[in-house]
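**Student:** The file below is final.csv, CSV, C-alpha atoms and all ligand atoms:
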chain,number,residue,atom,x,y,z
A,77,MET,CA,178.1,109.9,1.6
A,78,LYS,CA,177.1,106.5,0.4
A,79,VAL,CA,173.9,104.6,0.0
A,80,ILE,CA,173.6,100.8,-0.5
A,81,ALA,CA,170.6,99.5,-2.5
A,82,ILE,CA,169.7,95.8,-2.3
A,83,ASN,CA,168.1,94.6,-5.5
A,84,GLY,CA,166.1,91.5,-4.9
A,85,SER,CA,165.1,90.8,-8.5
A,86,PRO,CA,166.4,87.7,-10.3
A,87,ARG,CA,166.4,90.0,-13.4
A,88,ALA,CA,169.6,91.9,-12.7
A,89,GLU,CA,168.4,94.7,-15.2
A,90,GLY,CA,164.7,94.4,-14.6
A,91,ASN,CA,162.2,97.0,-13.4
A,92,THR,CA,163.5,97.1,-9.9
A,93,PHE,CA,167.0,97.9,-11.2
A,94,HIS,CA,165.6,100.7,-13.4
A,95,ALA,CA,163.8,102.2,-10.5
A,96,LEU,CA,167.0,102.1,-8.5
A,97,ASN,CA,168.9,103.7,-11.3
A,98,ILE,CA,166.5,106.7,-11.3
A,99,ILE,CA,167.2,107.2,-7.6
A,100,LYS,CA,170.9,106.8,-8.3
A,101,LYS,CA,170.8,109.6,-10.8
A,102,GLU,CA,169.1,112.0,-8.2
A,103,LEU,CA,171.6,111.0,-5.5
A,104,LEU,CA,174.6,111.6,-7.8
A,105,ASN,CA,173.2,115.0,-8.6
A,106,GLU,CA,173.5,115.7,-4.8
A,107,GLY,CA,177.1,114.2,-4.7
A,108,ILE,CA,175.9,111.0,-3.0
A,109,GLU,CA,177.1,107.5,-4.2
A,110,LEU,CA,174.7,104.6,-4.7
A,111,GLU,CA,175.9,101.0,-4.9
A,112,ILE,CA,173.4,98.5,-6.2
A,113,VAL,CA,174.0,95.0,-4.8
A,114,ASP,CA,172.2,92.2,-6.7
A,115,PHE,CA,170.6,89.5,-4.5
A,116,GLY,CA,167.9,88.1,-6.6
A,117,THR,CA,170.4,86.5,-9.0
A,118,LYS,CA,172.1,84.6,-6.2
A,119,ALA,CA,171.4,81.3,-4.3
A,120,ILE,CA,170.7,82.5,-0.8
A,121,HIS,CA,169.7,80.2,2.0
A,122,GLY,CA,167.0,81.4,4.4
A,123,CYS,CA,167.5,81.9,8.2
A,124,THR,CA,167.8,78.5,9.9
A,125,ALA,CA,166.9,79.9,13.4
A,126,CYS,CA,170.2,78.5,14.8
A,127,THR,CA,170.5,81.8,16.9
A,128,MET,CA,174.3,81.5,16.6
A,129,CYS,CA,174.4,85.2,15.7
A,130,SER,CA,172.9,86.0,19.1
A,131,GLN,CA,175.5,83.9,20.8
A,132,THR,CA,178.6,84.9,18.9
A,133,LYS,CA,177.6,88.6,18.5
A,134,ASN,CA,180.3,88.9,15.8
A,135,GLU,CA,178.0,90.6,13.3
A,136,ARG,CA,178.1,87.5,11.1
A,137,CYS,CA,175.6,84.8,10.0
A,138,ILE,CA,176.9,81.3,10.6
A,139,ILE,CA,176.1,80.5,7.0
A,140,ASP,CA,179.2,81.8,5.4
A,141,ASN,CA,179.2,80.6,1.8
A,142,ASP,CA,177.3,83.5,0.2
A,143,MET,CA,177.3,87.3,0.0
A,144,VAL,CA,175.2,87.9,3.1
A,145,ASN,CA,178.0,88.6,5.6
A,146,GLU,CA,179.8,90.9,3.2
A,147,THR,CA,176.6,92.8,2.5
A,148,ILE,CA,175.7,93.2,6.2
A,149,GLN,CA,179.1,95.0,6.6
A,150,LYS,CA,178.4,97.2,3.6
A,151,MET,CA,175.0,98.1,5.0
A,152,ALA,CA,176.5,98.8,8.5
A,153,ALA,CA,179.1,101.1,6.9
A,154,ALA,CA,176.6,103.0,4.6
A,155,ASP,CA,174.8,106.2,5.4
A,156,GLY,CA,171.6,105.0,3.7
A,157,ILE,CA,170.0,101.7,2.7
A,158,ILE,CA,167.4,101.0,0.1
A,159,LEU,CA,165.5,97.7,0.1
A,160,ALA,CA,164.1,96.9,-3.3
A,161,SER,CA,162.1,93.9,-4.4
A,162,PRO,CA,159.9,92.9,-7.3
A,163,VAL,CA,156.4,91.8,-6.3
A,164,TYR,CA,156.0,88.0,-6.3
A,165,PHE,CA,152.6,86.7,-5.4
A,166,ALA,CA,151.8,90.0,-3.7
A,167,GLY,CA,154.9,89.9,-1.5
A,168,ILE,CA,158.7,90.1,-1.3
A,169,ALA,CA,160.5,87.9,-3.8
A,170,GLY,CA,161.8,84.7,-2.1
A,171,THR,CA,165.6,85.3,-2.4
A,172,MET,CA,165.2,88.8,-1.1
A,173,LYS,CA,163.2,87.5,1.9
A,174,CYS,CA,166.0,85.0,2.7
A,175,PHE,CA,168.5,87.8,2.6
A,176,LEU,CA,166.5,90.2,4.8
A,177,ASP,CA,165.6,87.6,7.5
A,178,ARG,CA,169.3,86.9,8.0
A,179,ALA,CA,170.7,90.4,7.6
A,180,PHE,CA,168.2,91.9,10.0
A,181,TYR,CA,168.4,89.0,12.6
A,182,VAL,CA,172.2,89.5,12.7
A,183,SER,CA,171.7,93.2,13.0
A,184,SER,CA,169.3,92.8,15.9
A,185,ALA,CA,171.6,90.3,17.6
A,186,ASN,CA,174.3,92.9,17.5
A,187,GLY,CA,172.5,95.9,18.9
A,188,GLY,CA,171.1,97.2,15.6
A,189,LEU,CA,173.7,97.6,12.9
A,190,TYR,CA,171.6,99.9,10.8
A,191,ARG,CA,170.1,102.1,13.5
A,192,GLY,CA,169.6,105.7,12.5
A,193,LYS,CA,170.4,105.2,8.9
A,194,VAL,CA,168.2,106.7,6.2
A,195,ALA,CA,166.2,104.0,4.5
A,196,ALA,CA,163.6,103.4,1.9
A,197,ALA,CA,161.6,100.5,0.4
A,198,VAL,CA,161.1,100.2,-3.3
A,199,THR,CA,159.1,97.7,-5.3
A,200,ALA,CA,158.3,96.8,-9.0
A,201,VAL,CA,155.0,95.2,-9.9
A,202,ARG,CA,153.0,94.3,-13.0
A,203,ARG,CA,149.6,95.0,-11.5
A,204,SER,CA,148.8,94.4,-7.9
A,205,GLY,CA,150.5,93.5,-4.6
A,206,GLY,CA,152.8,96.6,-4.5
A,207,SER,CA,151.5,98.1,-1.3
A,208,HIS,CA,151.6,94.8,0.5
A,209,THR,CA,155.3,94.3,-0.6
A,210,ILE,CA,156.2,97.9,0.4
A,211,ASP,CA,154.7,97.2,3.8
A,212,GLY,CA,156.7,94.0,4.1
A,213,LEU,CA,159.9,95.7,3.3
A,214,ASN,CA,159.1,98.5,5.7
A,215,HIS,CA,158.7,95.9,8.5
A,216,TYR,CA,162.5,95.4,8.3
A,217,ILE,CA,163.2,99.1,8.1
A,218,THR,CA,161.1,100.1,11.1
A,219,TYR,CA,162.2,97.1,13.2
A,220,GLY,CA,165.8,98.4,12.6
A,221,GLU,CA,165.2,101.9,14.1
A,222,MET,CA,165.9,103.5,10.7
A,223,VAL,CA,164.8,106.9,9.4
A,224,VAL,CA,162.3,106.4,6.6
A,225,ALA,CA,162.5,108.5,3.5
A,226,THR,CA,159.3,108.9,1.5
A,227,SER,CA,158.0,110.2,-1.8
A,228,SER,CA,154.7,111.8,-2.8
A,229,TYR,CA,153.2,108.4,-3.5
A,230,TRP,CA,154.1,104.9,-2.3
A,231,ASN,CA,157.4,103.8,-3.8
A,232,ILE,CA,156.0,101.4,-6.4
A,233,VAL,CA,156.7,101.3,-10.1
A,234,HIS,CA,154.6,99.4,-12.7
A,235,GLY,CA,155.8,97.2,-15.6
A,236,ARG,CA,156.2,93.6,-16.7
A,237,ALA,CA,159.0,93.3,-19.2
A,238,PRO,CA,162.4,94.6,-18.0
A,239,GLY,CA,162.5,98.4,-18.4
A,240,GLU,CA,158.8,98.8,-18.9
A,241,MET,CA,158.6,100.8,-15.7
A,242,LEU,CA,160.1,103.7,-17.6
A,243,LEU,CA,156.7,104.1,-19.3
A,244,ASP,CA,155.1,104.5,-15.9
A,245,LEU,CA,155.7,108.2,-15.7
A,246,GLU,CA,154.1,108.6,-12.3
A,247,GLY,CA,156.3,105.8,-11.0
A,248,VAL,CA,159.4,107.5,-12.5
A,249,GLN,CA,158.5,110.8,-10.8
A,250,THR,CA,157.9,109.0,-7.5
A,251,MET,CA,161.4,107.5,-7.7
A,252,GLU,CA,163.0,110.8,-8.7
A,253,LEU,CA,161.4,112.5,-5.7
A,254,LEU,CA,162.3,109.6,-3.4
A,255,GLY,CA,165.9,110.0,-4.5
A,256,ARG,CA,165.9,113.8,-3.7
A,257,ASN,CA,164.2,113.2,-0.4
A,258,ILE,CA,166.8,110.5,0.6
A,259,ALA,CA,169.5,113.1,-0.3
A,260,TRP,CA,167.8,115.8,1.7
A,261,LEU,CA,167.5,113.6,4.8
A,262,LEU,CA,171.1,112.5,4.5
A,263,LYS,CA,172.3,116.1,4.3
A,264,MET,CA,170.0,117.2,7.2
A,265,LYS,CA,171.4,114.4,9.4
A,266,ASP,CA,175.0,115.2,8.4
A,267,LYS,CA,174.5,118.9,9.2
A,268,ALA,CA,172.8,118.4,12.5
A,269,ALA,CA,175.4,115.8,13.6
A,270,ILE,CA,173.4,115.0,16.7
A,271,PRO,CA,174.6,111.7,18.3
A,272,GLN,CA,172.0,109.0,18.6
A,273,HIS,CA,170.9,108.0,22.1
A,274,SER,CA,172.2,104.6,23.2
A,275,LYS,CA,170.4,101.4,22.4
A,276,GLU,CA,167.9,100.1,25.0
A,277,ILE,CA,168.1,96.5,26.2
A,278,ARG,CA,164.9,94.9,24.9
A,279,VAL,CA,162.3,93.6,27.4
A,280,ALA,CA,161.4,90.5,25.4
A,281,THR,CA,158.1,89.2,26.8
A,282,SER,CA,157.0,86.9,23.9
A,283,PHE,CA,153.5,87.4,25.2
A,284,ILE,CA,153.8,84.5,27.7
A,285,ARG,CA,155.9,85.8,30.7
A,301,LIG,C1,157.1,84.4,-9.7
A,301,LIG,C2,156.5,85.7,-10.0
A,301,LIG,C3,155.4,86.2,-9.3
A,301,LIG,C4,154.8,87.5,-9.6
A,301,LIG,N1,153.8,87.9,-8.9
A,301,LIG,C5,153.2,89.1,-9.2
A,301,LIG,C6,152.1,89.6,-8.4
A,301,LIG,O1,151.7,89.0,-7.4
A,301,LIG,N2,151.5,90.7,-8.9
A,301,LIG,C7,151.9,91.4,-10.0
A,301,LIG,O2,151.3,92.4,-10.3
A,301,LIG,N3,153.0,91.0,-10.7
A,301,LIG,C8,153.6,89.8,-10.3
A,301,LIG,N4,154.7,89.4,-11.1
A,301,LIG,C9,155.3,90.3,-12.1
A,301,LIG,C10,156.5,91.2,-11.6
A,301,LIG,O3,156.2,91.7,-10.3
A,301,LIG,C11,156.8,92.3,-12.6
A,301,LIG,O4,157.2,91.7,-13.8
A,301,LIG,C12,158.0,93.1,-12.1
A,301,LIG,O5,158.1,94.2,-13.0
A,301,LIG,C13,159.2,92.4,-12.0
A,301,LIG,O6,160.3,93.2,-11.5
A,301,LIG,P1,161.8,92.9,-12.1
A,301,LIG,O7,161.8,93.3,-13.5
A,301,LIG,O8,162.6,93.9,-11.3
A,301,LIG,O9,162.1,91.5,-11.8
A,301,LIG,C14,155.3,88.2,-10.7
A,301,LIG,C15,156.4,87.7,-11.5
A,301,LIG,C16,157.0,86.5,-11.1
A,301,LIG,C17,158.1,86.0,-12.0
I need this file expressed as structure tokens, please.
Ligand SMILES: Cc1cc2nc3c(=O)[nH]c(=O)nc-3n(C[C@H](O)[C@H](O)[C@H](O)COP(=O)(O)O)c2cc1C

**Tutor:**
Amino acid sequence: MKVIAINGSPRAEGNTFHALNIIKKELLNEGIELEIVDFGTKAIHGCTACTMCSQTKNERCIIDNDMVNETIQKMAAADGIILASPVYFAGIAGTMKCFLDRAFYVSSANGGLYRGKVAAAVTAVRRSGGSHTIDGLNHYITYGEMVVATSSYWNIVHGRAPGEMLLDLEGVQTMELLGRNIAWLLKMKDKAAIPQHSKEIRVATSFIR
């Protein structure tokens, strides 16, 4: 089994990365692979609202000069997905937001590429804005009909300088438990092997008609 983690920090080995590494260790203990894909370090254009993905339905964003399309396919093939971002001005870091808008619009246009996958949101913060950022990341996860893995606290680690989150012992413990809970959910799903019901065609009312 394989999990893909999107690291939205421009600091490739910052606190978000360290949090993901703790989860990785727990997953490896359970025989589950975790691949960390760095997005924060890349130049990623935001969604241009061209709606081409809804027209072509080829699981691709029309902007094809970055890692987004390749990563959409990695996420579609994975058993689990972790969305991780540092807190920037009490919200999701900009590059990560650009990626998520495109990756989840393409998913939605293609019947939900990540439906039923186990998912978790993770964030790193110096002081405040962690809950708001987790909520923001969970908007993508819950829109995508995914199965949310949780811990015994919200999935937030504290630190400023890269690696400082390792001093946040409660944060470390929260990540360890999150890793074990992701593994548990993945194994439960695998053992049950119950096919997911088919996707409904959305009644899109846009509140006007
Ligand atoms: C542009 C920017 C905005 C930030 N905004 C916040 C914030 O709103 N609240 C906060 O507590 N920390 C904020 N921080 C600090 C980071 O969230 C913190 O250093 C975090 O550990 C970074 O994670 P990383 O090492 O994975 O990049 C900000 C940092 C930057 C560079």

**Student:** Given a cut-off of 8 Å, what residues near ligand LIG 301 (chain A) show up using all atoms listed in the file, put as a count of residues only?

**Tutor:** 36

**Student:** Write out as a ChimeraX atom specification the residues lying within 8 Å of Val113 in chain A, counting only C-alpha atoms and excluding same-chain residues fewer than 4 positions away.

**Tutor:** /A:80-83

**Student:** With all atoms listed in the file as the atoms that count, which of A:Asp244, A:Glu106, A:Asp114, A:Glu135 lies nearest to Ser184 in chain A?

**Tutor:** A:Glu135

**Student:** One decimal, in Å: what's the spacing between CA of Leu253 in chain A and CA of Leu213 in chain A?

**Tutor:**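 Between CA of Leu253 in chain A and CA of Leu213 in chain A the gap works out to 19.1 Å.
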
**Student:** Expressed in Å to a single decimal, how great is the separation between CA of Ala259 in chain A and CA of Val198 in chain A?

**Tutor:**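 Separating CA of Ala259 in chain A from CA of Val198 in chain A is a distance of 15.7 Å.
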
**Student:** So how many Å separate CA of Ala197 in chain A and CA of Ala185 in chain A, to one decimal?

**Tutor:**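 Separation of CA of Ala197 in chain A and CA of Ala185 in chain A: 22.4 Å.
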
**Student:** When you count all atoms listed in the file, which of these residues is closest to Ile138 in chain A: A:Ala179, A:Leu261, A:Asp155, A:Phe115?

**Tutor:**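 Nearest to Ile138 in chain A: A:Ala179.
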
**Student:** Of the candidates A:Val182, A:Ile98, A:Val194, A:Ile210, which shows the shortest atom-to-atom distance to Asn145 in chain A, using all atoms listed in the file?

**Tutor:**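 Residue with the minimum atom-to-atom distance to Asn145 in chain A: A:Val182.
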
**Student:** From the list A:Met151, A:Lys267, A:Leu254, A:Glu246, which residue is nearest Gly220 in chain A when using all atoms listed in the file?

**Tutor:**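 Under the stated criterion, the closest residue is A:Met151.
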
**Student:** Counting only C-alpha atoms, which of A:Tyr229, A:Tyr181, A:Tyr190, A:Phe283 gets nearest to Gln149 in chain A?

**Tutor:**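 Ranking A:Tyr229, A:Tyr181, A:Tyr190, A:Phe283 by distance to Gln149 in chain A, first place goes to A:Tyr190.
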